[in-house]
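Next comes model-v4.csv, with CSV, C-alpha atoms and all ligand atoms.
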```csv
chain,number,residue,atom,x,y,z
A,21,MET,CA,-51.3,-16.9,16.1
A,22,ILE,CA,-48.4,-14.7,15.3
A,23,THR,CA,-46.1,-16.3,12.8
A,24,ARG,CA,-42.5,-15.4,12.1
A,25,ARG,CA,-43.7,-13.8,8.8
A,26,ASP,CA,-46.2,-11.6,10.7
A,27,CYS,CA,-43.5,-10.5,13.0
A,28,LEU,CA,-41.4,-8.9,10.2
A,29,LEU,CA,-42.1,-5.2,9.9
A,30,SER,CA,-44.6,-4.4,7.1
A,31,PRO,CA,-43.4,-2.2,4.2
A,32,ALA,CA,-45.6,0.6,5.7
A,33,ALA,CA,-44.0,0.2,9.1
A,34,LEU,CA,-40.6,0.1,7.7
A,35,ALA,CA,-41.2,3.3,5.7
A,36,ALA,CA,-42.6,4.9,8.9
A,37,ALA,CA,-39.6,3.8,10.8
A,38,SER,CA,-37.1,5.1,8.3
A,39,THR,CA,-39.0,8.4,7.9
A,40,ALA,CA,-38.9,8.8,11.7
A,41,ALA,CA,-35.2,8.0,11.7
A,42,ALA,CA,-34.5,10.6,9.0
A,43,SER,CA,-36.7,13.5,10.3
A,44,GLY,CA,-37.0,12.5,14.0
A,45,PRO,CA,-40.1,10.9,15.4
A,46,ALA,CA,-43.1,12.9,16.7
A,47,PRO,CA,-42.8,13.2,20.5
A,48,VAL,CA,-45.2,11.0,22.4
A,49,VAL,CA,-45.9,10.1,26.0
A,50,ILE,CA,-47.9,7.1,27.1
A,51,SER,CA,-48.9,5.9,30.5
A,52,SER,CA,-51.3,3.7,32.4
A,53,ALA,CA,-54.9,5.0,32.4
A,54,ASN,CA,-54.4,6.9,35.7
A,55,GLY,CA,-51.8,9.0,34.0
A,56,LEU,CA,-53.7,11.5,31.9
A,57,ARG,CA,-52.3,14.4,33.9
A,58,ALA,CA,-48.9,12.8,33.9
A,59,CYS,CA,-48.8,12.6,30.1
A,60,THR,CA,-49.9,16.2,29.8
A,61,ARG,CA,-47.2,17.4,32.2
A,62,ALA,CA,-44.5,15.3,30.6
A,63,MET,CA,-45.4,16.5,27.1
A,64,GLU,CA,-45.4,20.1,28.2
A,65,LEU,CA,-41.8,19.5,29.5
A,66,LEU,CA,-40.7,17.7,26.3
A,67,LYS,CA,-41.9,20.7,24.3
A,68,THR,CA,-39.6,22.9,26.3
A,69,GLY,CA,-36.7,20.6,25.5
A,70,ALA,CA,-36.6,19.0,28.9
A,71,ASP,CA,-34.8,15.6,29.3
A,72,THR,CA,-37.1,12.7,28.7
A,73,LEU,CA,-36.6,11.2,32.2
A,74,ASP,CA,-37.1,14.5,33.9
A,75,ALA,CA,-40.4,14.9,31.9
A,76,VAL,CA,-41.9,11.5,32.9
A,77,ILE,CA,-40.8,11.9,36.5
A,78,ALA,CA,-42.4,15.3,36.7
A,79,GLY,CA,-45.5,13.7,35.2
A,80,VAL,CA,-45.8,10.8,37.7
A,81,ASN,CA,-45.0,13.1,40.6
A,82,ILE,CA,-48.5,14.5,40.2
A,83,VAL,CA,-49.9,11.1,40.9
A,84,GLU,CA,-47.4,10.2,43.6
A,85,GLU,CA,-48.4,13.3,45.5
A,86,ASP,CA,-52.1,12.9,44.9
A,87,PRO,CA,-53.8,11.4,48.0
A,88,GLU,CA,-56.8,10.3,45.9
A,89,ASP,CA,-54.8,7.8,43.9
A,90,VAL,CA,-54.6,5.0,46.5
A,91,THR,CA,-52.2,2.9,44.5
A,92,VAL,CA,-49.3,5.3,44.1
A,93,GLY,CA,-47.1,7.4,46.5
A,94,TYR,CA,-48.8,9.5,49.2
A,95,GLY,CA,-52.2,8.0,50.1
A,96,GLY,CA,-51.3,4.6,48.8
A,97,LEU,CA,-52.9,1.6,50.6
A,98,PRO,CA,-50.4,0.3,53.2
A,99,ASN,CA,-48.9,-3.1,54.0
A,100,GLU,CA,-50.4,-5.5,56.5
A,101,ASP,CA,-48.9,-3.4,59.3
A,102,GLY,CA,-50.5,-0.2,58.1
A,103,VAL,CA,-47.3,1.2,56.7
A,104,VAL,CA,-47.1,2.6,53.2
A,105,GLU,CA,-44.1,1.1,51.3
A,106,LEU,CA,-43.3,2.4,47.9
A,107,ASP,CA,-41.5,0.9,44.9
A,108,ALA,CA,-40.2,2.7,41.8
A,109,SER,CA,-37.9,2.3,38.9
A,110,VAL,CA,-36.5,4.7,36.2
A,111,ALA,CA,-34.7,4.1,32.9
A,112,HIS,CA,-32.9,6.8,30.8
A,113,GLY,CA,-32.4,5.8,27.2
A,114,PRO,CA,-29.7,8.4,26.1
A,115,THR,CA,-27.3,7.3,28.9
A,116,ARG,CA,-28.6,3.7,29.0
A,117,ARG,CA,-28.8,3.8,32.7
A,118,CYS,CA,-31.5,2.7,35.1
A,119,ALA,CA,-32.2,2.4,38.8
A,120,ALA,CA,-34.8,1.5,41.4
A,121,VAL,CA,-35.9,1.6,45.0
A,122,ALA,CA,-38.1,-0.9,46.8
A,123,GLY,CA,-39.9,-0.9,50.1
A,124,LEU,CA,-39.2,2.8,50.6
A,125,ARG,CA,-41.1,4.4,53.5
A,126,ASN,CA,-41.9,8.0,54.3
A,127,ILE,CA,-40.9,9.6,51.0
A,128,LYS,CA,-43.7,10.8,48.7
A,129,THR,CA,-41.8,10.6,45.5
A,130,PRO,CA,-39.9,7.3,45.2
A,131,SER,CA,-39.4,7.9,41.4
A,132,LYS,CA,-37.1,10.9,42.3
A,133,VAL,CA,-35.2,8.8,44.8
A,134,ALA,CA,-34.7,6.1,42.1
A,135,GLN,CA,-33.4,8.9,39.7
A,136,ARG,CA,-31.0,10.0,42.4
A,137,VAL,CA,-29.7,6.4,42.8
A,138,MET,CA,-29.2,6.3,39.1
A,139,GLU,CA,-27.4,9.6,38.9
A,140,GLN,CA,-25.4,9.6,42.2
A,141,THR,CA,-24.4,6.0,42.8
A,142,ASP,CA,-22.8,3.0,41.2
A,143,HIS,CA,-25.7,0.9,42.3
A,144,ILE,CA,-29.0,-0.1,40.5
A,145,MET,CA,-31.3,-0.9,43.4
A,146,LEU,CA,-31.7,0.3,47.0
A,147,VAL,CA,-34.3,-1.3,49.3
A,148,GLY,CA,-36.0,-0.7,52.7
A,149,GLU,CA,-34.0,1.1,55.4
A,150,GLY,CA,-31.0,1.6,53.1
A,151,ALA,CA,-33.2,3.4,50.5
A,152,LEU,CA,-34.7,5.6,53.2
A,153,ARG,CA,-31.3,6.5,54.6
A,154,PHE,CA,-30.1,7.3,51.1
A,155,ALA,CA,-33.1,9.5,50.5
A,156,ARG,CA,-32.6,11.2,53.9
A,157,ALA,CA,-28.9,11.9,53.0
A,158,HIS,CA,-30.0,13.5,49.8
A,159,GLY,CA,-32.4,15.8,51.5
A,160,PHE,CA,-35.7,14.2,50.8
A,161,LYS,CA,-38.4,15.2,53.3
A,162,GLU,CA,-39.8,12.4,55.5
A,163,GLU,CA,-43.6,12.4,55.9
A,164,ASN,CA,-46.3,10.1,57.1
A,165,LEU,CA,-47.7,8.7,53.8
A,166,LEU,CA,-50.8,7.0,55.4
A,167,THR,CA,-53.9,9.2,54.8
A,168,GLU,CA,-57.0,8.9,56.9
A,169,LYS,CA,-58.8,7.3,54.0
A,170,ALA,CA,-56.1,4.6,53.5
A,171,ARG,CA,-56.0,4.0,57.3
A,172,LEU,CA,-59.7,3.4,57.3
A,173,ALA,CA,-59.4,0.9,54.5
A,174,TRP,CA,-56.6,-0.9,56.3
A,175,MET,CA,-58.6,-1.0,59.5
A,176,VAL,CA,-61.6,-2.4,57.6
A,177,TRP,CA,-59.3,-5.0,56.0
A,178,LYS,CA,-58.0,-6.1,59.5
A,179,GLN,CA,-61.6,-6.4,60.7
A,180,SER,CA,-62.6,-8.5,57.7
A,181,LEU,CA,-60.1,-11.2,58.5
A,182,ARG,CA,-61.1,-14.4,60.3
A,183,ASP,CA,-59.3,-17.4,61.7
A,184,ALA,CA,-60.5,-20.9,61.2
A,185,SER,CA,-63.1,-20.6,64.0
A,186,GLY,CA,-64.3,-17.3,62.6
A,187,HIS,CA,-62.6,-15.1,65.2
A,188,ASN,CA,-60.8,-11.8,64.8
A,189,ASN,CA,-59.1,-9.9,67.6
A,190,TRP,CA,-59.7,-6.6,65.8
A,191,ALA,CA,-63.5,-7.0,65.6
A,192,PRO,CA,-65.8,-6.8,68.6
A,193,GLY,CA,-67.3,-10.1,69.7
A,194,LEU,CA,-68.3,-13.0,67.5
A,195,TRP,CA,-70.5,-11.4,64.9
A,196,ALA,CA,-69.8,-11.9,61.3
A,197,PRO,CA,-68.3,-9.0,59.3
A,198,SER,CA,-70.3,-7.4,56.6
A,199,ALA,CA,-70.4,-4.1,54.8
A,200,ALA,CA,-73.6,-3.2,56.7
A,201,ALA,CA,-72.1,-3.8,60.1
A,202,LEU,CA,-69.3,-1.4,59.3
A,203,LYS,CA,-71.5,1.6,59.7
A,204,SER,CA,-71.9,1.0,63.4
A,205,ARG,CA,-68.2,0.5,63.9
A,206,PHE,CA,-67.2,3.6,61.9
A,207,PRO,CA,-70.2,5.9,62.5
A,208,GLN,CA,-68.3,9.1,61.5
A,209,VAL,CA,-67.5,7.7,58.0
A,210,ASP,CA,-69.9,8.3,55.1
A,211,GLU,CA,-71.5,5.3,53.3
A,212,ALA,CA,-69.7,5.7,50.0
A,213,THR,CA,-66.3,5.7,51.7
A,214,LEU,CA,-67.3,2.7,53.8
A,215,ALA,CA,-68.4,0.8,50.7
A,216,TRP,CA,-65.1,1.6,49.0
A,217,ALA,CA,-63.2,0.5,52.1
A,218,TRP,CA,-65.0,-2.8,52.2
A,219,GLN,CA,-64.4,-3.3,48.5
A,220,VAL,CA,-60.7,-2.8,48.7
A,221,ALA,CA,-60.5,-4.8,51.9
A,222,VAL,CA,-61.9,-7.9,50.3
A,223,HIS,CA,-60.5,-7.4,46.9
A,224,PRO,CA,-57.0,-5.8,47.4
A,225,PRO,CA,-56.6,-3.5,44.5
A,226,THR,CA,-53.6,-3.1,42.2
A,227,GLY,CA,-52.7,0.2,40.6
A,228,THR,CA,-49.4,1.9,39.9
A,229,ILE,CA,-48.4,4.3,37.2
A,230,ASN,CA,-46.0,3.5,34.3
A,231,CYS,CA,-45.1,6.4,32.0
A,232,LEU,CA,-42.9,6.2,28.8
A,233,SER,CA,-41.7,9.1,26.7
A,234,LEU,CA,-40.1,9.7,23.3
A,235,ASN,CA,-38.8,13.1,22.1
A,236,ALA,CA,-38.2,14.5,18.7
A,237,LYS,CA,-34.5,13.5,18.9
A,238,GLY,CA,-35.6,9.9,19.3
A,239,GLU,CA,-34.5,9.8,23.0
A,240,MET,CA,-36.6,7.7,25.3
A,241,SER,CA,-37.1,7.3,29.1
A,242,GLY,CA,-39.5,5.5,31.4
A,243,VAL,CA,-40.7,5.3,35.0
A,244,THR,CA,-42.9,3.0,37.0
A,245,THR,CA,-44.0,3.9,40.6
A,246,THR,CA,-46.4,2.3,43.0
A,247,SER,CA,-47.5,1.6,46.6
A,248,GLY,CA,-47.7,-2.0,45.4
A,249,LEU,CA,-50.3,-4.6,46.4
A,250,ALA,CA,-52.6,-3.5,49.3
A,251,TRP,CA,-52.0,-5.4,52.6
A,252,LYS,CA,-48.8,-7.0,51.3
A,253,ILE,CA,-46.4,-8.6,53.7
A,254,PRO,CA,-43.9,-5.9,54.8
A,255,GLY,CA,-40.9,-6.1,52.6
A,256,ARG,CA,-42.7,-7.5,49.6
A,257,ALA,CA,-41.4,-6.0,46.4
A,258,GLY,CA,-43.6,-6.2,43.3
A,259,ASP,CA,-42.6,-5.9,39.7
A,260,SER,CA,-42.4,-2.1,39.6
A,261,PRO,CA,-38.9,-1.8,40.9
A,262,ILE,CA,-37.6,-4.8,38.9
A,263,ILE,CA,-35.8,-3.7,35.8
A,264,GLY,CA,-37.0,-6.0,33.1
A,265,ALA,CA,-40.4,-6.6,34.7
A,266,GLY,CA,-42.1,-3.4,35.7
A,267,LEU,CA,-39.9,-1.3,33.3
A,268,TYR,CA,-37.4,-1.9,30.6
A,269,LEU,CA,-35.9,0.3,27.9
A,270,ASP,CA,-33.4,-0.1,25.2
A,271,GLN,CA,-32.7,3.1,23.4
A,272,ASP,CA,-32.2,1.2,20.1
A,273,VAL,CA,-35.6,-0.4,20.2
A,274,GLY,CA,-38.2,1.0,22.6
A,275,ALA,CA,-39.6,0.8,26.1
A,276,ALA,CA,-42.2,-1.1,28.0
A,277,GLY,CA,-43.8,-1.1,31.4
A,278,SER,CA,-46.5,-2.8,33.4
A,279,THR,CA,-49.2,-2.3,36.0
A,280,GLY,CA,-51.4,-4.9,37.7
A,281,ARG,CA,-50.4,-8.1,39.4
A,282,GLY,CA,-46.7,-7.9,39.7
A,283,GLU,CA,-46.0,-11.5,40.7
A,284,GLU,CA,-47.3,-12.7,37.3
A,285,ASN,CA,-45.2,-10.1,35.5
A,286,ILE,CA,-42.0,-11.0,37.3
A,287,ARG,CA,-42.4,-14.6,36.2
A,288,ILE,CA,-42.3,-13.6,32.5
A,289,ALA,CA,-39.9,-10.6,32.8
A,290,GLY,CA,-42.7,-8.8,31.0
A,291,ALA,CA,-41.2,-5.4,30.1
A,292,HIS,CA,-37.9,-7.1,28.8
A,293,THR,CA,-39.9,-9.7,26.9
A,294,ILE,CA,-41.9,-6.9,25.2
A,295,VAL,CA,-38.8,-4.9,24.2
A,296,GLU,CA,-37.1,-8.0,22.9
A,297,ASN,CA,-40.2,-8.9,20.9
A,298,MET,CA,-40.1,-5.5,19.3
A,299,ARG,CA,-36.4,-5.9,18.6
A,300,HIS,CA,-37.2,-9.0,16.7
A,301,GLY,CA,-39.8,-7.3,14.6
A,302,MET,CA,-43.2,-7.4,16.4
A,303,SER,CA,-45.3,-4.4,16.5
A,304,PRO,CA,-46.0,-3.0,20.0
A,305,LYS,CA,-49.5,-4.6,19.9
A,306,GLU,CA,-48.1,-8.0,19.0
A,307,ALA,CA,-45.3,-7.6,21.6
A,308,VAL,CA,-47.7,-7.0,24.5
A,309,LEU,CA,-50.1,-9.7,23.3
A,310,ASP,CA,-47.2,-12.2,23.3
A,311,ALA,CA,-46.3,-11.2,26.9
A,312,LEU,CA,-50.0,-11.7,27.9
A,313,LYS,CA,-50.0,-15.2,26.2
A,314,ARG,CA,-47.0,-16.2,28.3
A,315,ILE,CA,-48.9,-15.3,31.5
A,316,GLU,CA,-51.9,-17.3,30.2
A,317,ARG,CA,-49.6,-20.2,29.4
A,318,ASN,CA,-48.3,-20.2,33.0
A,319,TYR,CA,-51.8,-21.3,34.0
A,320,ASN,CA,-52.3,-23.6,31.1
A,321,GLY,CA,-55.1,-21.3,30.0
A,322,ASN,CA,-57.2,-22.1,33.1
A,323,ARG,CA,-59.8,-19.2,33.0
A,324,ASP,CA,-60.9,-19.7,36.6
A,325,LEU,CA,-57.4,-19.1,37.9
A,326,LEU,CA,-56.6,-16.3,35.4
A,327,ALA,CA,-59.9,-14.6,36.4
A,328,LYS,CA,-58.4,-14.0,39.8
A,329,PHE,CA,-56.1,-11.2,38.6
A,330,ASP,CA,-55.5,-8.7,35.9
A,331,ILE,CA,-52.4,-7.2,34.4
A,332,ASN,CA,-51.5,-4.4,31.9
A,333,PHE,CA,-48.6,-3.8,29.6
A,334,TYR,CA,-47.5,-0.6,27.8
A,335,ALA,CA,-45.1,-0.5,24.9
A,336,LEU,CA,-43.6,2.5,23.0
A,337,ARG,CA,-41.4,1.8,20.0
A,338,ARG,CA,-38.6,4.1,19.1
A,339,ASP,CA,-40.4,5.1,15.9
A,340,GLY,CA,-43.4,6.4,18.1
A,341,GLN,CA,-45.7,3.4,17.6
A,342,HIS,CA,-47.3,2.4,20.8
A,343,ALA,CA,-49.8,0.0,22.4
A,344,GLY,CA,-51.4,-0.9,25.7
A,345,GLY,CA,-52.4,-4.5,26.5
A,346,ARG,CA,-54.6,-6.0,29.2
A,347,LEU,CA,-55.2,-9.6,30.1
A,348,TRP,CA,-59.0,-9.2,30.5
A,349,SER,CA,-61.3,-7.0,28.5
A,350,GLY,CA,-63.5,-4.5,30.4
A,351,PRO,CA,-64.2,-0.9,31.0
A,352,HIS,CA,-60.7,-0.3,32.4
A,353,ALA,CA,-58.9,-1.6,29.4
A,354,SER,CA,-57.4,1.6,28.3
A,355,TYR,CA,-54.1,3.6,28.5
A,356,ALA,CA,-53.2,7.3,28.3
A,357,VAL,CA,-51.6,8.9,25.3
A,358,ASN,CA,-50.3,12.4,24.6
A,359,ASP,CA,-48.9,13.1,21.2
A,360,GLY,CA,-48.8,16.9,21.4
A,361,GLY,CA,-52.5,17.8,22.0
A,362,ALA,CA,-54.7,16.9,24.9
A,363,SER,CA,-54.1,13.6,26.7
A,364,ARG,CA,-56.6,10.9,25.8
A,365,LEU,CA,-57.4,7.3,26.6
A,366,GLU,CA,-56.9,4.7,23.9
A,367,PRO,CA,-58.2,1.1,24.1
A,368,CYS,CA,-55.9,-1.7,25.1
A,369,VAL,CA,-55.7,-4.8,23.1
A,370,CYS,CA,-57.1,-7.6,25.4
A,371,LEU,CA,-56.2,-11.3,25.3
A,372,LEU,CA,-59.2,-12.7,27.1
A,373,GLN,CA,-62.9,-11.7,26.9
A,374,LYS,CA,-64.9,-11.6,30.2
A,375,ARG,CA,-67.8,-14.0,30.2
A,376,GLY,CA,-71.2,-12.4,30.2
B,401,LIG,N1,-47.6,-4.0,39.8
B,401,LIG,C1,-47.7,-3.5,41.1
B,401,LIG,C2,-47.2,-4.5,42.1
B,401,LIG,O1,-47.4,-5.7,41.9
B,401,LIG,C3,-49.1,-3.2,41.5
B,401,LIG,C4,-50.0,-2.7,40.5
B,401,LIG,O2,-49.7,-2.3,39.4
B,401,LIG,O3,-51.2,-2.5,40.9
B,401,LIG,O4,-46.7,-4.1,43.0
```

Can you give me the file's structure in the form of structure tokens?
Amino acid sequence: MITRRDCLLSPAALAAASTAAASGPAPVVISSANGLRACTRAMELLKTGADTLDAVIAGVNIVEEDPEDVTVGYGGLPNEDGVVELDASVAHGPTRRCAAVAGLRNIKTPSKVAQRVMEQTDHIMLVGEGALRFARAHGFKEENLLTEKARLAWMVWKQSLRDASGHNNWAPGLWAPSAAALKSRFPQVDEATLAWAWQVAVHPPTGTINCLSLNAKGEMSGVTTTSGLAWKIPGRAGDSPIIGAGLYLDQDVGAAGSTGRGEENIRIAGAHTIVENMRHGMSPKEAVLDALKRIERNYNGNRDLLAKFDINFYALRRDGQHAGGRLWSGPHASYAVNDGGASRLEPCVCLLQKRG
């Protein structure tokens, strides 16, 4: 249990914070585990003196434009209609501004559109058709974001569905769906891709990239960008575009972001909760653990229900201390860090241990 006493900064942490305040912190970029390349790119830019937000956006653009990351930008898994809808938010510490877009179609880099909303409008969030029209007006190129791989997975998902009598209009006849039967329906697709498509059809994946930066002047920025939950209802916005849930930053304290099941995060305003925890003296690790405990509490600790999802938090304090946290332990419980050298994965602190 974290007591009030534990929450106060230790003498060592206080000394580190005041040294950092006097000489400037060491620059650092952290992100979700899919952001090794993003961290490297952002750090390269920080070293050239680039703005902290420009740096993290350039970093996540790599992932947004990568068709192989099926949870972000181009190539993201679509909604239930087969349309890719993207959410993103940005926060800029030095100017204390932020903005977001939700349900944006046809634009590969929603993070850049969110940045444009922040810089060019008096609004914080644009959604759906309005966000697309805004992007168009600002010269963003419209493209089909649905790759063949994502279309296949969507089609497999549609064929995996059944009504109460076991029927599905999208599948031939009355036979039960199975991964094995898929081969005859998609003969041109290799086995590995079919196995992957079946996996994501029956276990809709979460993904997303969150990236947070701190430069030597102590300036901070953050971005979160995603294609959201696979097969979502058109118009569903997750936590990523919600300032305070998928991303929050207070230049005086630090920044936090999240990936994973957005609905659980929104219910505890996770990123804001973490920043406020750090403001009141918790370390980044304690702050993310506290947020995870609030999610656990929402289910009265029921492991069977909690086992149905996972969620990650990332925290970067203004003195450069950072942490990643995940609800469940496991091989994916890591986050990416770059503090000037090569980007690396560091282990997350996990609230719950998987049985077996
Ligand atoms: N948090 C994102 C959402 O709920 C998805 C994810 O991170 O996988 O939209």

7 Å shell around ligand LIG 401 (chain B) using all atoms listed in the file, listed as an MDAnalysis selection string
chainID A and resid 91 225:228 246:249 257:260 266 278:283

Those residues you just picked out, can you put them in a file as a short mmCIF file (atom, residue, chain, number, x, y, z; two decimals), keeping the file's coordinate frame with C-alpha atoms?
```
data_model
loop_
_atom_site.label_atom_id
_atom_site.label_comp_id
_atom_site.auth_asym_id
_atom_site.auth_seq_id
_atom_site.Cartn_x
_atom_site.Cartn_y
_atom_site.Cartn_z
CA THR A 91 -52.20 2.90 44.50
CA PRO A 225 -56.60 -3.50 44.50
CA THR A 226 -53.60 -3.10 42.20
CA GLY A 227 -52.70 0.20 40.60
CA THR A 228 -49.40 1.90 39.90
CA THR A 246 -46.40 2.30 43.00
CA SER A 247 -47.50 1.60 46.60
CA GLY A 248 -47.70 -2.00 45.40
CA LEU A 249 -50.30 -4.60 46.40
CA ALA A 257 -41.40 -6.00 46.40
CA GLY A 258 -43.60 -6.20 43.30
CA ASP A 259 -42.60 -5.90 39.70
CA SER A 260 -42.40 -2.10 39.60
CA GLY A 266 -42.10 -3.40 35.70
CA SER A 278 -46.50 -2.80 33.40
CA THR A 279 -49.20 -2.30 36.00
CA GLY A 280 -51.40 -4.90 37.70
CA ARG A 281 -50.40 -8.10 39.40
CA GLY A 282 -46.70 -7.90 39.70
CA GLU A 283 -46.00 -11.50 40.70
#
```

Please, what distance in Å, to one decimal, runs between atom CA of Gly344 of chain A and atom CA of Val76 of chain A?
17.2 Å

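Considering all atoms listed in the file, the residue among A:Gly274, A:Gly123, A:Gly93, A:Pro254 positioned nearest to Met145 of chain A is A:Gly123.
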
What is the distance, in Å and to one decimal place, between atom CA of Ala217 of chain A and atom CA of Trp177 of chain A?
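Straight-line distance from atom CA of Ala217 of chain A to atom CA of Trp177 of chain A works out to 7.8 Å.
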